[in-house]
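File shown: entry_30.cif (mmCIF, N, CA and C atoms).
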```
data_protein
loop_
_atom_site.label_atom_id
_atom_site.label_comp_id
_atom_site.auth_asym_id
_atom_site.auth_seq_id
_atom_site.Cartn_x
_atom_site.Cartn_y
_atom_site.Cartn_z
N MET V 1 0.84 -1.18 0.00
CA MET V 1 0.00 0.00 0.00
C MET V 1 0.88 1.24 0.00
N LYS V 2 0.64 2.11 -0.95
CA LYS V 2 1.42 3.35 -1.04
C LYS V 2 0.91 4.35 -0.02
N ASP V 3 1.83 5.11 0.54
CA ASP V 3 1.47 6.16 1.49
C ASP V 3 1.35 7.47 0.71
N TYR V 4 0.12 7.79 0.31
CA TYR V 4 -0.10 8.97 -0.51
C TYR V 4 0.27 10.27 0.21
N TYR V 5 0.12 10.29 1.52
CA TYR V 5 0.49 11.49 2.26
C TYR V 5 1.99 11.73 2.19
N ALA V 6 2.77 10.67 2.31
CA ALA V 6 4.22 10.79 2.21
C ALA V 6 4.65 11.17 0.80
N ILE V 7 3.97 10.62 -0.20
CA ILE V 7 4.29 10.94 -1.59
C ILE V 7 4.13 12.44 -1.84
N LEU V 8 3.06 13.02 -1.29
CA LEU V 8 2.83 14.46 -1.47
C LEU V 8 3.57 15.30 -0.42
N GLY V 9 4.08 14.65 0.62
CA GLY V 9 4.81 15.38 1.65
C GLY V 9 3.91 16.21 2.56
N ILE V 10 2.73 15.66 2.89
CA ILE V 10 1.79 16.38 3.75
C ILE V 10 1.39 15.51 4.92
N ALA V 11 0.78 16.14 5.92
CA ALA V 11 0.27 15.41 7.07
C ALA V 11 -1.05 14.74 6.72
N SER V 12 -1.41 13.71 7.46
CA SER V 12 -2.64 12.97 7.16
C SER V 12 -3.91 13.77 7.46
N ASP V 13 -3.78 14.87 8.17
CA ASP V 13 -4.96 15.70 8.46
C ASP V 13 -4.96 17.00 7.64
N ALA V 14 -4.20 17.01 6.56
CA ALA V 14 -4.09 18.20 5.72
C ALA V 14 -5.42 18.52 5.05
N ALA V 15 -5.70 19.79 4.94
CA ALA V 15 -6.93 20.25 4.30
C ALA V 15 -6.80 20.13 2.78
N GLY V 16 -7.92 20.29 2.10
CA GLY V 16 -7.95 20.17 0.64
C GLY V 16 -7.01 21.13 -0.06
N GLU V 17 -6.91 22.35 0.44
CA GLU V 17 -6.02 23.33 -0.17
C GLU V 17 -4.56 22.91 -0.03
N ALA V 18 -4.19 22.31 1.10
CA ALA V 18 -2.82 21.83 1.30
C ALA V 18 -2.51 20.68 0.35
N VAL V 19 -3.50 19.82 0.10
CA VAL V 19 -3.33 18.71 -0.84
C VAL V 19 -3.08 19.27 -2.24
N ARG V 20 -3.86 20.23 -2.63
CA ARG V 20 -3.74 20.84 -3.96
C ARG V 20 -2.38 21.55 -4.12
N THR V 21 -1.97 22.28 -3.10
CA THR V 21 -0.69 22.99 -3.15
C THR V 21 0.48 22.02 -3.24
N ALA V 22 0.43 20.97 -2.42
CA ALA V 22 1.51 19.97 -2.44
C ALA V 22 1.56 19.26 -3.78
N TYR V 23 0.40 18.96 -4.34
CA TYR V 23 0.35 18.31 -5.65
C TYR V 23 1.00 19.20 -6.72
N ARG V 24 0.62 20.45 -6.75
CA ARG V 24 1.17 21.36 -7.76
C ARG V 24 2.69 21.47 -7.64
N ARG V 25 3.17 21.57 -6.40
CA ARG V 25 4.61 21.69 -6.17
C ARG V 25 5.34 20.45 -6.67
N LYS V 26 4.85 19.26 -6.29
CA LYS V 26 5.48 18.00 -6.69
C LYS V 26 5.35 17.77 -8.20
N ALA V 27 4.20 18.11 -8.76
CA ALA V 27 3.99 17.90 -10.19
C ALA V 27 4.95 18.75 -11.01
N LEU V 28 5.16 19.99 -10.60
CA LEU V 28 6.11 20.84 -11.31
C LEU V 28 7.53 20.29 -11.19
N GLN V 29 7.86 19.78 -10.02
CA GLN V 29 9.20 19.25 -9.77
C GLN V 29 9.46 17.97 -10.58
N LEU V 30 8.45 17.11 -10.71
CA LEU V 30 8.65 15.79 -11.30
C LEU V 30 8.10 15.63 -12.71
N HIS V 31 7.49 16.65 -13.27
CA HIS V 31 6.90 16.52 -14.61
C HIS V 31 7.97 16.10 -15.60
N PRO V 32 7.67 15.09 -16.42
CA PRO V 32 8.66 14.57 -17.37
C PRO V 32 9.21 15.62 -18.35
N ASP V 33 8.45 16.66 -18.64
CA ASP V 33 8.95 17.72 -19.53
C ASP V 33 10.01 18.58 -18.85
N ARG V 34 10.00 18.63 -17.52
CA ARG V 34 10.96 19.45 -16.77
C ARG V 34 12.07 18.63 -16.12
N ASN V 35 11.80 17.38 -15.82
CA ASN V 35 12.74 16.54 -15.09
C ASN V 35 13.11 15.35 -15.97
N THR V 36 14.36 15.26 -16.34
CA THR V 36 14.79 14.19 -17.24
C THR V 36 15.31 12.96 -16.51
N ALA V 37 15.23 12.93 -15.20
CA ALA V 37 15.68 11.76 -14.44
C ALA V 37 14.85 10.54 -14.84
N PRO V 38 15.45 9.37 -14.88
CA PRO V 38 14.72 8.17 -15.32
C PRO V 38 13.52 7.82 -14.44
N GLU V 39 13.62 8.08 -13.16
CA GLU V 39 12.52 7.73 -12.26
C GLU V 39 11.46 8.83 -12.14
N ALA V 40 11.66 9.96 -12.80
CA ALA V 40 10.73 11.09 -12.68
C ALA V 40 9.34 10.74 -13.18
N THR V 41 9.25 9.99 -14.25
CA THR V 41 7.94 9.64 -14.81
C THR V 41 7.13 8.79 -13.85
N ASP V 42 7.78 7.79 -13.24
CA ASP V 42 7.08 6.93 -12.27
C ASP V 42 6.67 7.71 -11.04
N LYS V 43 7.54 8.58 -10.57
CA LYS V 43 7.21 9.40 -9.39
C LYS V 43 6.08 10.37 -9.71
N PHE V 44 6.10 10.91 -10.94
CA PHE V 44 5.03 11.82 -11.36
C PHE V 44 3.69 11.09 -11.35
N ARG V 45 3.67 9.85 -11.84
CA ARG V 45 2.43 9.05 -11.82
C ARG V 45 1.97 8.79 -10.40
N ASP V 46 2.91 8.52 -9.49
CA ASP V 46 2.55 8.32 -8.08
C ASP V 46 1.93 9.58 -7.48
N VAL V 47 2.50 10.73 -7.83
CA VAL V 47 1.96 12.01 -7.34
C VAL V 47 0.55 12.22 -7.88
N GLN V 48 0.34 11.94 -9.15
CA GLN V 48 -0.98 12.08 -9.76
C GLN V 48 -1.99 11.15 -9.09
N GLU V 49 -1.59 9.91 -8.85
CA GLU V 49 -2.45 8.93 -8.19
C GLU V 49 -2.80 9.39 -6.77
N ALA V 50 -1.80 9.89 -6.06
CA ALA V 50 -2.03 10.37 -4.70
C ALA V 50 -3.02 11.53 -4.69
N TYR V 51 -2.86 12.45 -5.62
CA TYR V 51 -3.77 13.59 -5.69
C TYR V 51 -5.19 13.15 -6.05
N ASP V 52 -5.31 12.23 -6.99
CA ASP V 52 -6.64 11.74 -7.38
C ASP V 52 -7.40 11.16 -6.19
N VAL V 53 -6.70 10.44 -5.34
CA VAL V 53 -7.35 9.81 -4.18
C VAL V 53 -7.61 10.84 -3.08
N LEU V 54 -6.61 11.64 -2.75
CA LEU V 54 -6.74 12.55 -1.60
C LEU V 54 -7.59 13.78 -1.88
N SER V 55 -7.79 14.12 -3.14
CA SER V 55 -8.61 15.30 -3.45
C SER V 55 -10.10 14.98 -3.47
N ASP V 56 -10.45 13.71 -3.56
CA ASP V 56 -11.85 13.28 -3.56
C ASP V 56 -12.22 12.83 -2.15
N PRO V 57 -13.14 13.53 -1.47
CA PRO V 57 -13.44 13.20 -0.07
C PRO V 57 -13.88 11.74 0.16
N ALA V 58 -14.65 11.19 -0.73
CA ALA V 58 -15.11 9.80 -0.56
C ALA V 58 -13.95 8.82 -0.71
N ARG V 59 -13.15 9.01 -1.75
CA ARG V 59 -12.00 8.12 -1.96
C ARG V 59 -10.97 8.29 -0.85
N ARG V 60 -10.82 9.51 -0.35
CA ARG V 60 -9.87 9.76 0.74
C ARG V 60 -10.32 9.05 2.01
N HIS V 61 -11.61 9.07 2.28
CA HIS V 61 -12.13 8.39 3.47
C HIS V 61 -11.87 6.88 3.38
N VAL V 62 -12.14 6.30 2.23
CA VAL V 62 -11.88 4.86 2.04
C VAL V 62 -10.39 4.57 2.20
N TYR V 63 -9.55 5.40 1.61
CA TYR V 63 -8.10 5.22 1.72
C TYR V 63 -7.65 5.31 3.18
N ASP V 64 -8.15 6.32 3.90
CA ASP V 64 -7.77 6.49 5.30
C ASP V 64 -8.18 5.30 6.15
N GLU V 65 -9.36 4.77 5.91
CA GLU V 65 -9.82 3.59 6.65
C GLU V 65 -8.95 2.37 6.33
N ASN V 66 -8.63 2.19 5.06
CA ASN V 66 -7.77 1.08 4.66
C ASN V 66 -6.37 1.24 5.25
N ARG V 67 -5.88 2.45 5.25
CA ARG V 67 -4.56 2.74 5.82
C ARG V 67 -4.54 2.44 7.31
N ARG V 68 -5.58 2.82 8.00
CA ARG V 68 -5.67 2.58 9.43
C ARG V 68 -5.71 1.08 9.71
N ARG V 69 -6.51 0.34 8.95
CA ARG V 69 -6.62 -1.11 9.13
C ARG V 69 -5.30 -1.81 8.83
N ASN V 70 -4.62 -1.40 7.77
CA ASN V 70 -3.34 -2.01 7.42
C ASN V 70 -2.31 -1.80 8.51
N LEU V 71 -2.34 -0.64 9.11
CA LEU V 71 -1.39 -0.37 10.19
C LEU V 71 -1.68 -1.28 11.37
N LEU V 72 -2.97 -1.59 11.62
CA LEU V 72 -3.32 -2.48 12.71
C LEU V 72 -3.10 -3.94 12.35
N ASP V 73 -3.39 -4.32 11.11
CA ASP V 73 -3.29 -5.72 10.71
C ASP V 73 -1.86 -6.13 10.37
N LYS V 74 -1.11 -5.27 9.70
CA LYS V 74 0.26 -5.59 9.29
C LYS V 74 1.18 -4.44 9.68
N PRO V 75 1.41 -4.25 10.97
CA PRO V 75 2.15 -3.05 11.40
C PRO V 75 3.58 -2.96 10.88
N LEU V 76 4.31 -4.05 10.86
CA LEU V 76 5.71 -3.99 10.42
C LEU V 76 5.82 -3.71 8.93
N GLU V 77 5.01 -4.39 8.14
CA GLU V 77 5.04 -4.18 6.69
C GLU V 77 4.63 -2.76 6.34
N THR V 78 3.58 -2.28 6.97
CA THR V 78 3.10 -0.93 6.71
C THR V 78 4.11 0.11 7.17
N ALA V 79 4.68 -0.10 8.35
CA ALA V 79 5.68 0.85 8.88
C ALA V 79 6.89 0.92 7.96
N ARG V 80 7.34 -0.21 7.43
CA ARG V 80 8.49 -0.21 6.51
C ARG V 80 8.19 0.63 5.26
N GLU V 81 7.00 0.45 4.71
CA GLU V 81 6.65 1.19 3.50
C GLU V 81 6.52 2.69 3.79
N ILE V 82 5.90 3.02 4.91
CA ILE V 82 5.75 4.44 5.27
C ILE V 82 7.13 5.07 5.45
N TRP V 83 8.02 4.40 6.17
CA TRP V 83 9.35 4.95 6.40
C TRP V 83 10.15 5.03 5.10
N LYS V 84 9.97 4.07 4.22
CA LYS V 84 10.67 4.09 2.93
C LYS V 84 10.29 5.34 2.16
N HIS V 85 8.98 5.62 2.08
CA HIS V 85 8.52 6.82 1.35
C HIS V 85 8.94 8.09 2.08
N TYR V 86 8.93 8.05 3.40
CA TYR V 86 9.34 9.22 4.18
C TYR V 86 10.81 9.55 3.92
N ILE V 87 11.66 8.52 3.99
CA ILE V 87 13.09 8.73 3.77
C ILE V 87 13.36 9.21 2.34
N GLU V 88 12.66 8.64 1.37
CA GLU V 88 12.82 9.09 -0.02
C GLU V 88 12.44 10.57 -0.13
N GLY V 89 11.37 10.97 0.56
CA GLY V 89 10.94 12.36 0.52
C GLY V 89 11.95 13.30 1.16
N VAL V 90 12.54 12.84 2.25
CA VAL V 90 13.53 13.67 2.96
C VAL V 90 14.79 13.84 2.12
N LEU V 91 15.18 12.77 1.43
CA LEU V 91 16.41 12.80 0.66
C LEU V 91 16.30 13.57 -0.65
N GLN V 92 15.11 13.92 -1.06
CA GLN V 92 14.95 14.66 -2.33
C GLN V 92 15.35 16.09 -2.19
#
```
Output the file's structure in the form of structure tokens.
Amino acid sequence: MKDYYAILGIASDAAGEAVRTAYRRKALQLHPDRNTAPEATDKFRDVQEAYDVLSDPARRHVYDENRRRNLLDKPLETAREIWKHYIEGVLQ
């Protein structure tokens, strides 16, 4: 399970405007026309996917519930993935 909040670099309680601002910032940074790095296209798709889910209140609610359950059901696996995305975000 991807951590969409970490991909956009926002807190899980971020408002809609913060989601939109973070998306625009990341999209400009990773857009394939501006960034020629080989992994930029994949990261750009991840940012787009994260925005699509987090900008829609119904989809965001389902995602948040699934995220909460995964953390309770598979805490080590989920924690590893969250930290992986967090560290990648910090190192950028």
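Each of V:Glu17, V:Arg69, V:Met1, V:Leu8 was checked against Gly89 of chain V using all atoms listed in the file; the smallest atom-to-atom distance is that of V:Leu8.
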>> If I take atom CA of Glu49 of chain V and atom CA of Lys2 of chain V, how far is one from the other in Å, to one decimal?
In response: 9.9 Å
> Neighbours of His85 of chain V within 7 Å (only N, CA and C atoms; same-chain residues fewer than 6 positions away dropped), as a count of residues only?
Replying inline: 3
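Of note, atom N of Ala18 of chain V and atom N of Tyr51 of chain V are spaced 12.0 Å apart.
The spacing separating atom N of Glu81 of chain V from atom N of Asn35 of chain V amounts to 27.0 Å.
Here the PyMOL selection byres ((chain V and resi 21-31) around 7) captures the residues V:Leu8, V:Gly9, V:Ile10, V:Gly16, V:Glu17, V:Ala18, V:Val19, V:Arg20, V:Pro32, V:Asp33, V:Arg34, V:Asn35, V:Thr36, V:Ala40, V:Thr41, V:Lys43, V:Phe44, V:Val47, V:Tyr51.
Counting only C-alpha atoms and comparing V:Tyr4, V:Ala15, V:Ala37, V:Lys74, the residue that lies closest to Pro57 of chain V is V:Ala15.
Distance check against Ser55 of chain V using only C-alpha atoms: of V:Ala14, V:Val90, V:Asp42, V:Pro75, the minimum falls on V:Ala14.
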> How would you write, as a ChimeraX atom specification, the set of residues in chain V that DSSP gives as alpha helix (DSSP H)?
Replying inline: /V:4-8,16-30,40-54,57-73,75-91
